[in-house]
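data-v3.tsv (TSV, C-alpha atoms)
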```tsv
chain	number	residue	atom	x	y	z
A	43	MET	CA	0.00	0.00	0.00
A	44	THR	CA	1.16	3.53	-0.69
A	45	MET	CA	2.28	5.23	2.50
A	46	THR	CA	0.98	8.79	2.88
A	47	MET	CA	2.71	11.62	4.70
A	48	TRP	CA	0.42	11.42	7.73
A	49	THR	CA	1.06	7.67	8.05
A	50	GLN	CA	4.81	8.13	8.41
A	51	GLU	CA	4.31	11.09	10.72
A	52	ALA	CA	1.96	9.04	12.92
A	53	TRP	CA	4.40	6.13	12.93
A	54	GLU	CA	7.33	8.27	14.04
A	55	LYS	CA	5.29	9.91	16.80
A	56	THR	CA	4.07	6.49	17.96
A	57	VAL	CA	7.59	5.05	18.16
A	58	ALA	CA	8.81	8.10	20.07
A	59	LYS	CA	5.93	7.97	22.54
A	60	VAL	CA	6.17	4.24	23.20
A	61	LYS	CA	9.91	4.64	23.86
A	62	ARG	CA	8.89	6.98	26.69
A	63	THR	CA	5.94	5.03	28.07
A	64	SER	CA	7.78	1.70	27.97
A	65	GLU	CA	10.19	3.05	30.57
A	66	ARG	CA	7.43	2.89	33.18
A	67	ILE	CA	5.20	0.13	31.83
A	68	GLY	CA	8.05	-2.29	31.12
A	69	ALA	CA	7.23	-6.00	30.96
A	70	ASN	CA	3.75	-5.61	32.42
A	71	PHE	CA	0.19	-5.72	31.15
A	72	PRO	CA	-1.59	-2.38	30.69
A	73	HIS	CA	-5.32	-2.26	30.04
A	74	ALA	CA	-7.03	1.14	30.45
A	75	SER	CA	-5.56	4.56	31.11
A	76	GLN	CA	-7.02	6.46	34.04
A	77	GLY	CA	-5.83	9.99	34.72
A	78	GLY	CA	-3.15	9.59	32.09
A	79	THR	CA	-1.57	6.41	33.50
A	80	TYR	CA	-2.18	2.88	32.24
A	81	GLY	CA	-3.45	0.58	34.98
A	82	LEU	CA	-1.52	-2.69	35.04
A	83	GLU	CA	-3.43	-5.97	35.17
A	84	GLU	CA	-2.41	-9.45	36.24
A	85	PRO	CA	-0.94	-11.67	33.49
A	86	GLY	CA	-4.17	-13.67	33.35
A	87	TRP	CA	-6.23	-10.70	32.17
A	88	TRP	CA	-7.54	-11.01	28.61
A	89	THR	CA	-5.68	-7.98	27.28
A	90	ALA	CA	-2.23	-9.29	28.25
A	91	GLY	CA	-1.14	-9.82	24.65
A	92	PHE	CA	-1.83	-6.35	23.28
A	93	TRP	CA	1.13	-4.47	24.77
A	94	PRO	CA	3.77	-7.04	23.68
A	95	GLY	CA	1.96	-7.37	20.34
A	96	GLN	CA	2.23	-3.62	19.83
A	97	LEU	CA	5.92	-3.71	20.75
A	98	TRP	CA	6.64	-6.42	18.17
A	99	LEU	CA	5.01	-4.33	15.43
A	100	LEU	CA	6.96	-1.24	16.47
A	101	HIS	CA	10.17	-3.26	16.59
A	102	ASP	CA	9.54	-4.36	12.97
A	103	GLY	CA	9.47	-0.78	11.81
A	104	SER	CA	12.07	0.80	14.08
A	105	GLY	CA	14.63	-1.86	14.98
A	106	GLU	CA	14.34	-0.68	18.59
A	107	GLU	CA	15.77	-3.63	20.55
A	108	LYS	CA	14.15	-2.52	23.79
A	109	PHE	CA	10.73	-3.19	22.26
A	110	ARG	CA	11.70	-6.77	21.42
A	111	ALA	CA	13.22	-7.37	24.85
A	112	ILE	CA	10.09	-6.21	26.69
A	113	ALA	CA	7.82	-8.25	24.40
A	114	GLU	CA	9.84	-11.39	25.10
A	115	GLN	CA	9.77	-10.74	28.85
A	116	CYS	CA	5.98	-10.37	28.73
A	117	GLU	CA	5.72	-13.69	26.89
A	118	GLU	CA	7.80	-15.39	29.57
A	119	LYS	CA	5.62	-13.92	32.32
A	120	LEU	CA	2.57	-15.49	30.67
A	121	ASP	CA	3.99	-18.97	31.37
A	122	GLU	CA	2.48	-18.85	34.84
A	123	VAL	CA	-0.96	-18.44	33.26
A	124	LEU	CA	-0.42	-21.03	30.54
A	125	ASP	CA	0.83	-23.62	33.03
A	126	GLY	CA	-1.62	-22.58	35.76
A	127	TYR	CA	-4.57	-23.56	33.52
A	128	TYR	CA	-7.47	-22.29	35.66
A	129	ARG	CA	-7.35	-18.71	34.38
A	130	LEU	CA	-7.46	-19.79	30.74
A	131	ASP	CA	-10.60	-19.09	28.73
A	132	HIS	CA	-11.53	-18.26	25.12
A	133	ASP	CA	-9.10	-15.30	25.05
A	134	ILE	CA	-6.17	-17.70	24.74
A	135	GLY	CA	-5.96	-16.63	21.10
A	136	PHE	CA	-5.56	-12.96	21.94
A	137	MET	CA	-2.90	-13.71	24.55
A	138	TRP	CA	-0.60	-16.10	22.69
A	139	THR	CA	-1.10	-15.05	19.06
A	140	MET	CA	0.37	-11.62	19.77
A	141	THR	CA	3.15	-13.00	21.96
A	142	SER	CA	4.29	-16.53	21.10
A	143	VAL	CA	3.09	-16.74	17.50
A	144	ALA	CA	4.43	-13.23	16.88
A	145	ASN	CA	7.81	-14.21	18.35
A	146	TYR	CA	8.05	-17.54	16.51
A	147	LYS	CA	7.16	-16.03	13.15
A	148	ARG	CA	9.97	-13.51	13.52
A	149	THR	CA	12.69	-15.50	15.28
A	150	GLY	CA	11.90	-19.20	14.98
A	151	ASN	CA	12.07	-19.48	18.78
A	152	VAL	CA	11.20	-23.11	19.59
A	153	GLU	CA	9.93	-22.24	23.07
A	154	SER	CA	7.49	-19.75	21.55
A	155	ARG	CA	6.29	-22.42	19.14
A	156	ARG	CA	5.70	-24.82	22.04
A	157	ARG	CA	3.78	-22.19	23.99
A	158	ALA	CA	1.60	-21.41	20.99
A	159	PHE	CA	0.75	-25.08	20.49
A	160	LYS	CA	-0.10	-25.53	24.17
A	161	ALA	CA	-2.40	-22.52	23.94
A	162	ALA	CA	-4.02	-23.84	20.75
A	163	ASN	CA	-4.65	-27.20	22.38
A	164	TYR	CA	-6.30	-25.54	25.36
A	165	LEU	CA	-8.47	-23.51	22.99
A	166	VAL	CA	-9.70	-26.57	21.06
A	167	GLY	CA	-10.49	-28.16	24.42
A	168	ARG	CA	-13.19	-25.51	24.87
A	169	PHE	CA	-15.09	-26.64	21.76
A	170	ASN	CA	-18.67	-27.80	22.28
A	171	LEU	CA	-19.43	-30.45	19.68
A	172	GLN	CA	-23.22	-30.27	20.01
A	173	GLY	CA	-23.41	-26.53	19.44
A	174	ASN	CA	-20.31	-26.09	17.28
A	175	TYR	CA	-18.96	-23.21	19.36
A	176	ILE	CA	-15.92	-22.41	21.46
A	177	ARG	CA	-17.15	-21.75	24.96
A	178	ALA	CA	-16.63	-18.28	26.41
A	179	TRP	CA	-15.37	-17.54	29.93
A	180	ASN	CA	-15.34	-19.80	32.98
A	181	PRO	CA	-17.57	-20.00	36.06
A	182	TRP	CA	-15.75	-17.30	38.04
A	183	SER	CA	-17.99	-17.63	41.09
A	184	GLU	CA	-19.85	-20.50	42.71
A	185	GLY	CA	-23.10	-21.32	40.96
A	186	ASP	CA	-22.16	-19.72	37.64
A	187	ASP	CA	-23.40	-21.72	34.67
A	188	ASN	CA	-21.90	-20.37	31.48
A	189	ALA	CA	-21.11	-23.61	29.67
A	190	GLY	CA	-23.49	-22.51	26.90
A	191	LEU	CA	-22.06	-19.07	26.22
A	192	ALA	CA	-20.33	-18.06	23.00
A	193	ILE	CA	-19.29	-14.51	22.08
A	194	ILE	CA	-18.40	-12.66	18.90
A	195	ASP	CA	-14.98	-11.70	20.35
A	196	CYS	CA	-13.85	-15.29	19.81
A	197	ALA	CA	-13.80	-14.71	16.04
A	198	MET	CA	-10.48	-12.96	16.73
A	199	ASN	CA	-9.16	-15.89	18.78
A	200	VAL	CA	-9.54	-18.60	16.14
A	201	PRO	CA	-6.61	-17.41	13.98
A	202	LEU	CA	-4.46	-19.24	16.54
A	203	LEU	CA	-6.11	-22.46	15.37
A	204	TYR	CA	-5.47	-21.70	11.71
A	205	TRP	CA	-1.81	-21.12	12.58
A	206	ALA	CA	-1.62	-24.40	14.53
A	207	SER	CA	-3.19	-26.35	11.68
A	208	ARG	CA	-0.83	-24.91	9.10
A	209	GLU	CA	2.23	-25.24	11.32
A	210	SER	CA	1.50	-28.85	12.36
A	211	GLY	CA	-0.08	-30.14	9.17
A	212	ASP	CA	-2.99	-31.39	11.31
A	213	PRO	CA	-6.39	-30.27	9.95
A	214	ARG	CA	-8.23	-30.79	13.25
A	215	TYR	CA	-7.44	-27.27	14.48
A	216	LYS	CA	-8.82	-25.79	11.27
A	217	HIS	CA	-11.92	-28.00	11.46
A	218	ILE	CA	-12.76	-26.59	14.88
A	219	ALA	CA	-12.04	-23.03	13.75
A	220	GLU	CA	-14.39	-23.46	10.79
A	221	ALA	CA	-17.09	-25.09	12.89
A	222	HIS	CA	-17.01	-22.12	15.28
A	223	MET	CA	-17.00	-19.58	12.45
A	224	GLY	CA	-19.95	-21.38	10.86
A	225	THR	CA	-21.83	-20.77	14.09
A	226	VAL	CA	-20.85	-17.10	13.86
A	227	LEU	CA	-22.39	-16.96	10.37
A	228	ARG	CA	-25.60	-18.65	11.48
A	229	HIS	CA	-26.28	-17.06	14.85
A	230	PHE	CA	-24.25	-13.86	15.32
A	231	ILE	CA	-24.51	-11.99	12.01
A	232	ARG	CA	-27.94	-10.50	11.31
A	233	GLU	CA	-29.28	-9.96	7.80
A	234	ASP	CA	-28.54	-6.23	7.91
A	235	GLY	CA	-24.91	-6.84	8.92
A	236	SER	CA	-25.32	-5.93	12.57
A	237	VAL	CA	-23.84	-8.32	15.11
A	238	ARG	CA	-24.89	-9.94	18.38
A	239	HIS	CA	-22.43	-10.04	21.27
A	240	ILE	CA	-23.47	-13.15	23.26
A	241	VAL	CA	-25.45	-16.22	22.30
A	242	ARG	CA	-26.38	-18.75	24.96
A	243	PHE	CA	-26.76	-22.30	23.71
A	244	ASP	CA	-28.06	-25.32	25.53
A	245	PRO	CA	-24.67	-26.98	26.07
A	246	HIS	CA	-26.24	-30.44	25.92
A	247	THR	CA	-28.34	-30.09	22.76
A	248	GLY	CA	-26.64	-27.18	21.00
A	249	GLU	CA	-29.93	-25.34	20.51
A	250	VAL	CA	-30.00	-21.54	20.88
A	251	ALA	CA	-31.43	-20.62	24.29
A	252	GLU	CA	-31.21	-16.81	24.23
A	253	TYR	CA	-29.42	-13.74	22.93
A	254	ILE	CA	-27.71	-11.53	25.50
A	255	GLY	CA	-26.69	-7.89	25.13
A	256	GLY	CA	-23.38	-8.30	26.95
A	257	GLN	CA	-21.25	-5.19	26.49
A	258	GLY	CA	-23.80	-3.72	24.09
A	259	TYR	CA	-26.86	-1.71	25.07
A	260	ALA	CA	-29.38	-4.52	24.55
A	261	PRO	CA	-29.68	-8.02	23.05
A	262	GLU	CA	-30.76	-6.62	19.67
A	263	SER	CA	-28.59	-3.52	19.64
A	264	ALA	CA	-25.33	-3.18	17.71
A	265	TRP	CA	-22.26	-2.92	19.95
A	266	SER	CA	-19.62	-1.32	17.78
A	267	ARG	CA	-16.59	-3.23	19.05
A	268	GLY	CA	-18.42	-6.52	18.58
A	269	THR	CA	-19.10	-5.40	15.03
A	270	SER	CA	-15.39	-4.74	14.55
A	271	TRP	CA	-14.46	-8.16	15.98
A	272	ALA	CA	-16.76	-9.68	13.36
A	273	ILE	CA	-15.36	-7.67	10.43
A	274	TYR	CA	-11.76	-8.56	11.17
A	275	GLY	CA	-12.41	-12.11	12.40
A	276	LEU	CA	-14.43	-13.03	9.32
A	277	ALA	CA	-11.90	-11.39	6.99
A	278	LEU	CA	-9.11	-13.40	8.63
A	279	ALA	CA	-11.16	-16.60	8.33
A	280	ALA	CA	-11.55	-15.85	4.62
A	281	HIS	CA	-7.81	-15.19	4.39
A	282	HIS	CA	-6.95	-18.56	5.95
A	283	THR	CA	-9.53	-20.67	4.12
A	284	GLY	CA	-10.36	-18.89	0.87
A	285	ARG	CA	-14.05	-19.34	1.68
A	286	GLN	CA	-16.36	-16.90	-0.07
A	287	ASP	CA	-19.10	-17.11	2.58
A	288	TYR	CA	-16.73	-15.72	5.22
A	289	LEU	CA	-15.66	-12.91	2.90
A	290	ASP	CA	-19.24	-12.08	1.94
A	291	ALA	CA	-20.22	-11.89	5.62
A	292	ALA	CA	-17.21	-9.73	6.43
A	293	LYS	CA	-18.24	-7.35	3.65
A	294	ARG	CA	-21.85	-7.23	4.84
A	295	VAL	CA	-20.80	-6.37	8.39
A	296	ALA	CA	-18.28	-3.84	7.06
A	297	HIS	CA	-20.99	-2.08	5.04
A	298	PHE	CA	-23.19	-1.85	8.15
A	299	PHE	CA	-20.29	-0.53	10.25
A	300	VAL	CA	-19.25	2.16	7.77
A	301	SER	CA	-22.86	3.26	7.23
A	302	GLN	CA	-23.24	3.89	10.97
A	303	LEU	CA	-20.08	5.93	11.55
A	304	GLU	CA	-20.18	9.44	12.97
A	305	GLU	CA	-19.08	12.42	10.90
A	306	ASP	CA	-15.45	11.96	11.93
A	307	PHE	CA	-15.47	8.28	10.86
A	308	VAL	CA	-15.20	6.99	14.45
A	309	PRO	CA	-18.07	4.93	15.93
A	310	ALA	CA	-20.28	5.49	18.92
A	311	TRP	CA	-19.94	2.74	21.50
A	312	ASP	CA	-23.19	1.10	20.30
A	313	PHE	CA	-24.83	2.01	17.01
A	314	ARG	CA	-28.33	1.46	18.44
A	315	ALA	CA	-27.83	2.95	21.88
A	316	PRO	CA	-30.00	5.88	23.04
A	317	GLU	CA	-28.93	9.13	21.41
A	318	ASP	CA	-27.98	10.70	24.75
A	319	THR	CA	-25.22	8.08	25.19
A	320	LYS	CA	-23.78	8.30	21.70
A	321	TRP	CA	-21.34	11.02	22.65
A	322	LEU	CA	-19.38	8.09	24.07
A	323	ARG	CA	-17.23	6.89	21.21
A	324	ASP	CA	-15.24	3.69	21.03
A	325	SER	CA	-12.00	4.51	19.28
A	326	SER	CA	-10.86	0.90	19.83
A	327	ALA	CA	-13.77	-0.34	17.70
A	328	GLY	CA	-12.75	2.08	14.97
A	329	ALA	CA	-9.12	0.93	15.04
A	330	CYS	CA	-10.00	-2.78	14.93
A	331	ALA	CA	-12.56	-2.27	12.15
A	332	ALA	CA	-9.98	-0.32	10.14
A	333	CYS	CA	-7.65	-3.33	10.25
A	334	GLY	CA	-10.52	-5.54	9.10
A	335	LEU	CA	-11.38	-3.18	6.25
A	336	LEU	CA	-7.77	-3.14	5.10
A	337	LYS	CA	-7.76	-6.96	5.24
A	338	ILE	CA	-10.90	-7.16	3.10
A	339	ALA	CA	-9.21	-4.85	0.60
A	340	GLU	CA	-6.41	-7.40	0.28
A	341	LEU	CA	-8.90	-10.18	-0.48
A	342	VAL	CA	-10.98	-8.56	-3.22
A	343	SER	CA	-10.01	-7.29	-6.66
A	344	GLU	CA	-9.61	-3.72	-7.75
A	345	PRO	CA	-11.60	-1.50	-8.07
A	346	GLU	CA	-13.71	-3.09	-5.30
A	347	ALA	CA	-10.74	-2.97	-2.93
A	348	LYS	CA	-10.52	0.80	-3.19
A	349	SER	CA	-13.65	1.52	-1.13
A	350	TYR	CA	-12.59	-0.78	1.73
A	351	ARG	CA	-9.06	0.58	1.75
A	352	GLN	CA	-10.25	4.18	1.74
A	353	ALA	CA	-12.69	3.52	4.58
A	354	GLY	CA	-9.95	1.93	6.70
A	355	GLU	CA	-7.54	4.77	5.97
A	356	ARG	CA	-10.14	7.42	6.81
A	357	ILE	CA	-10.81	5.85	10.20
A	358	LEU	CA	-7.10	5.60	11.01
A	359	GLU	CA	-6.38	9.15	9.86
A	360	SER	CA	-9.23	10.49	11.99
A	361	LEU	CA	-7.94	8.57	14.99
A	362	TYR	CA	-4.53	10.11	14.42
A	363	ARG	CA	-5.69	13.67	13.86
A	364	ASN	CA	-8.70	13.87	16.20
A	365	TYR	CA	-8.08	11.24	18.91
A	366	GLY	CA	-4.31	11.03	19.18
A	367	ALA	CA	-2.34	11.89	22.32
A	368	PHE	CA	1.10	11.37	20.82
A	369	GLU	CA	2.69	14.52	22.21
A	370	ASP	CA	0.77	14.67	25.51
A	371	GLU	CA	3.37	14.05	28.23
A	372	ASN	CA	0.56	13.54	30.77
A	373	GLU	CA	-1.14	10.68	28.90
A	374	GLU	CA	0.33	7.21	28.32
A	375	GLY	CA	-2.34	6.11	25.86
A	376	LEU	CA	-1.91	6.69	22.16
A	377	ILE	CA	-5.59	6.99	21.22
A	378	LEU	CA	-8.22	8.74	23.36
A	379	HIS	CA	-11.96	8.08	23.81
A	380	GLY	CA	-12.27	4.32	24.04
A	381	THR	CA	-15.21	2.69	25.81
A	382	SER	CA	-14.59	-0.67	27.41
A	383	HIS	CA	-17.86	-1.63	29.13
A	384	TYR	CA	-20.72	0.87	29.19
A	385	PRO	CA	-23.34	-1.39	30.83
A	386	GLU	CA	-21.04	-1.82	33.84
A	387	ARG	CA	-19.81	1.80	33.58
A	388	ARG	CA	-16.20	0.64	33.43
A	389	ASN	CA	-13.37	2.37	31.59
A	390	MET	CA	-15.48	4.81	29.63
A	391	ASP	CA	-13.98	7.58	27.49
A	392	VAL	CA	-10.39	6.51	28.11
A	393	PRO	CA	-7.46	5.11	26.10
A	394	LEU	CA	-7.53	1.30	25.90
A	395	ILE	CA	-4.50	-0.85	25.13
A	396	TYR	CA	-6.34	-2.77	22.41
A	397	GLY	CA	-7.31	0.52	20.76
A	398	ASP	CA	-3.65	1.50	20.76
A	399	TYR	CA	-2.66	-1.93	19.43
A	400	TYR	CA	-5.07	-1.95	16.49
A	401	PHE	CA	-4.14	1.64	15.62
A	402	VAL	CA	-0.49	0.56	15.44
A	403	GLU	CA	-1.42	-2.54	13.43
A	404	GLY	CA	-3.41	-0.36	11.04
A	405	LEU	CA	-0.36	1.85	10.52
A	406	ALA	CA	1.76	-1.26	10.05
A	407	LYS	CA	-0.62	-2.49	7.33
A	408	LEU	CA	-0.43	0.85	5.55
A	409	ARG	CA	3.38	0.86	5.79
A	410	GLY	CA	3.82	-2.74	4.64
A	411	GLY	CA	6.72	-5.00	5.56
A	412	HIS	CA	5.39	-5.93	9.00
A	413	THR	CA	4.57	-9.38	10.40
A	414	ILE	CA	0.86	-9.37	11.29
A	415	PRO	CA	0.29	-12.04	13.98
A	416	TRP	CA	-3.18	-13.18	12.90
A	417	GLU	CA	-2.05	-14.00	9.37
```
Encoding of this model in structure tokens:
Amino acid sequence: MTMTMWTQEAWEKTVAKVKRTSERIGANFPHASQGGTYGLEEPGWWTAGFWPGQLWLLHDGSGEEKFRAIAEQCEEKLDEVLDGYYRLDHDIGFMWTMTSVANYKRTGNVESRRRAFKAANYLVGRFNLQGNYIRAWNPWSEGDDNAGLAIIDCAMNVPLLYWASRESGDPRYKHIAEAHMGTVLRHFIREDGSVRHIVRFDPHTGEVAEYIGGQGYAPESAWSRGTSWAIYGLALAAHHTGRQDYLDAAKRVAHFFVSQLEEDFVPAWDFRAPEDTKWLRDSSAGACAACGLLKIAELVSEPEAKSYRQAGERILESLYRNYGAFEDENEEGLILHGTSHYPERRNMDVPLIYGDYYFVEGLAKLRGGHTIPWE
């Protein structure tokens, strides 16, 4: 892709800022910025892969050895989670694709390969054969029954299984990935391209029991980050399999997403939320969707690709120009105005590490020459 002047400018500012923020954050696991400082989570938290994943991408384009060193230290810290087992859930893909797969693809590190395969095997162990879904979450408190839950976020976790299948030559990983993504097509993507967050199945029969709003406003609303998970997850499934139905669904969701954007090309937190809440944007949804749009552009022919590429670039440029905090010494986040969980009123209107990550990945896609972990 042709790199524009703003892309290079944004890249240089990002590298400079992360050099500064990495001095404090180090080999830890930031999640949301509050008062200008990223809160650090335990290694078992679902966002643990995004900081090291961002550092690997920045290392590709800068050669900054400190970025690689911190990313490798984060990966090693995750061993306690991988070997501890009980904290593992569907977000295994997020955690080890951006750490161990990212490391192995670049360096051939055999320990990283082993970690990635262990993670992939744990992920396939969550597959429910009756319902053809990878189970979300665990029963975190006594009496919880969530064996029937599946969520759209998991579309971004299955690329770990495509990697494992290709790397091992064993098609079983891919079979499970495709079974889960088939369930996404049937039960998560509505005809108009909007997306459900949570579907509860009967774990014994596989029948749909109910739709749940989750982090969206309501069961039939349109949570924007869930929409972005679907765009990118389906595009990646099409990339790995060549299947047209995945690509067609990714395009349908992408058309819905772009049609609902605000004037500055960045989404409200839920496209069908009450108007008095739509001032809350989710910049992380915009950044992830931009990566998905750029991926779709790679999978279709010109001139069709042009519209997807332009939409992705417009979102990223708006995030840079209107949401960026690159030169703010009092803010560790790169991108402002993310919304993590409105229904629980958690981490609203703040930078989020996954928003920062997908913004950096979007820049990396525009620059070219980077190793994208999901691919």
Point out the residue among A:Tyr399, A:Phe298, A:Tyr164, A:Trp271 with the least atom-to-atom distance to Asp195 (chain A), counting all atoms listed in the file.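 Among the listed residues, the smallest separation from Asp195 (chain A) belongs to A:Trp271.
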I want to know what sits within 7 Å of Leu394 (chain A), based on only C-alpha atoms, with residues of the same chain fewer than 4 positions away left out; could you give that as a CSV table (one decimal) with C-alpha atoms, keeping the file's coordinate frame?
```csv
chain,number,residue,atom,x,y,z
A,73,HIS,CA,-5.3,-2.3,30.0
A,74,ALA,CA,-7.0,1.1,30.4
A,75,SER,CA,-5.6,4.6,31.1
A,326,SER,CA,-10.9,0.9,19.8
A,380,GLY,CA,-12.3,4.3,24.0
A,398,ASP,CA,-3.6,1.5,20.8
```
Polymer residues at most 10 Å from (0.3, -5.2, 34.1) by only C-alpha atoms, as a PyMOL selection string: chain A and resi 67-73+80-87+89-90+93+116
How far is it from CA of His282 (chain A) to CA of Leu124 (chain A), in Å with one decimal?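 Distance reported for this atom pair: 25.6 Å.
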Shell of 7 Å around Ile377 (chain A), all atoms listed in the file, local chain residues under 6 positions omitted, as a list of chain:residue names: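 Final neighbour list, sorted by chain and number: A:Leu361, A:Tyr365, A:Gly366, A:Ala367, A:Pro393, A:Gly397, A:Asp398.
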Min atom-atom distance to Thr49 (chain A) from the set A:Asn151, A:Ser210, A:Ser360, A:Thr283, counting all atoms listed in the file, belongs to A:Ser360
Residues near Asn188 (chain A), anyone? I mean within 12 Å using all atoms listed in the file, not counting same-chain ones fewer than 2 positions away, as a PyMOL selection string. chain A and resi 131+176-186+190-193+240-245+251
So that I can see what lies close to Gly256 (chain A), please list as a list in words the residues with an atom at most 10 Å from it, counting only C-alpha atoms and leaving out residues fewer than 3 positions away in the same chain.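 Near neighbours after the sequence-gap exclusion: Ile193, Arg238, His239, Ile240, Val241, Tyr253, Tyr259, Ala260, Pro261, Trp265, Gly268, His383, Tyr384, Pro385 and Glu386 of chain A.
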Can you pull out the residues contacting Ile273 (chain A)? Cut-off 7 Å, using all atoms listed in the file, and skip same-chain residues under 3 positions away; I want them as an MDAnalysis selection string. chainID A and resid 269:270 276:277 292 295:296 331 334
Which residue of A:Glu117, A:Glu359, A:Glu373, A:Glu403 approaches Gly103 (chain A) most closely, using all atoms listed in the file: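 Answer, going by the shortest atom-to-atom distance: A:Glu403.
From CA of Phe159 (chain A) back to CA of Phe136 (chain A), the distance works out to 13.7 Å.
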I'd like the interatomic distance between CA of Thr225 (chain A) and CA of Thr413 (chain A), to a tenth of an Å.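 Separation of CA of Thr225 (chain A) and CA of Thr413 (chain A): 29.0 Å.
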Here is a test: counting all atoms listed in the file, which residue of A:Lys55, A:Arg155, A:His222, A:Lys119 is nearest to Asn170 (chain A)?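 Using all atoms listed in the file, the shortest distance to Asn170 (chain A) belongs to A:His222.
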Where is the centre and how long are the edges: axis-aligned box on region 139-153 of chain A, 3 Å on each side, Å to one decimal, as AutoDock Vina command-line options:
```
--center_x 5.8 --center_y -17.4 --center_z 18.1 --size_x 19.8 --size_y 17.5 --size_z 15.9
```
Could you check which of A:Glu220, A:Glu233, A:Asp391, A:Glu54 is closest to Phe169 (chain A), using all atoms listed in the file?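 Going through A:Glu220, A:Glu233, A:Asp391, A:Glu54 one by one, the smallest distance to Phe169 (chain A) is for A:Glu220.
Among A:Asn199, A:Ser343, A:Gln50, A:Gln302, the residue with the shortest atom-to-atom distance to Met137 (chain A), counting only C-alpha atoms, is A:Asn199.
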Pull the closest atom pair for each residue of region 305-362 of chain A that gets at most 12 Å from region 404-408 of chain A, along with the distance in Å to one decimal, counting only C-alpha atoms, ordering rows by chain and then ascending residue number, as a tab-separated table.
```
residue	atom	partner	partner_atom	distance
A:Ser326	CA	A:Gly404	CA	11.6
A:Gly328	CA	A:Gly404	CA	10.4
A:Ala329	CA	A:Gly404	CA	7.1
A:Cys330	CA	A:Gly404	CA	8.0
A:Ala331	CA	A:Gly404	CA	9.4
A:Ala332	CA	A:Gly404	CA	6.6
A:Cys333	CA	A:Gly404	CA	5.2
A:Gly334	CA	A:Gly404	CA	9.0
A:Leu335	CA	A:Gly404	CA	9.7
A:Leu336	CA	A:Lys407	CA	7.5
A:Lys337	CA	A:Lys407	CA	8.7
A:Ala339	CA	A:Lys407	CA	11.2
A:Glu340	CA	A:Lys407	CA	10.4
A:Arg351	CA	A:Leu408	CA	9.4
A:Gln352	CA	A:Leu408	CA	11.0
A:Ala353	CA	A:Gly404	CA	12.0
A:Gly354	CA	A:Gly404	CA	8.2
A:Glu355	CA	A:Leu408	CA	8.1
A:Arg356	CA	A:Gly404	CA	11.1
A:Ile357	CA	A:Gly404	CA	9.7
A:Leu358	CA	A:Gly404	CA	7.0
A:Glu359	CA	A:Leu405	CA	9.5
A:Leu361	CA	A:Gly404	CA	10.8
A:Tyr362	CA	A:Leu405	CA	10.0
```
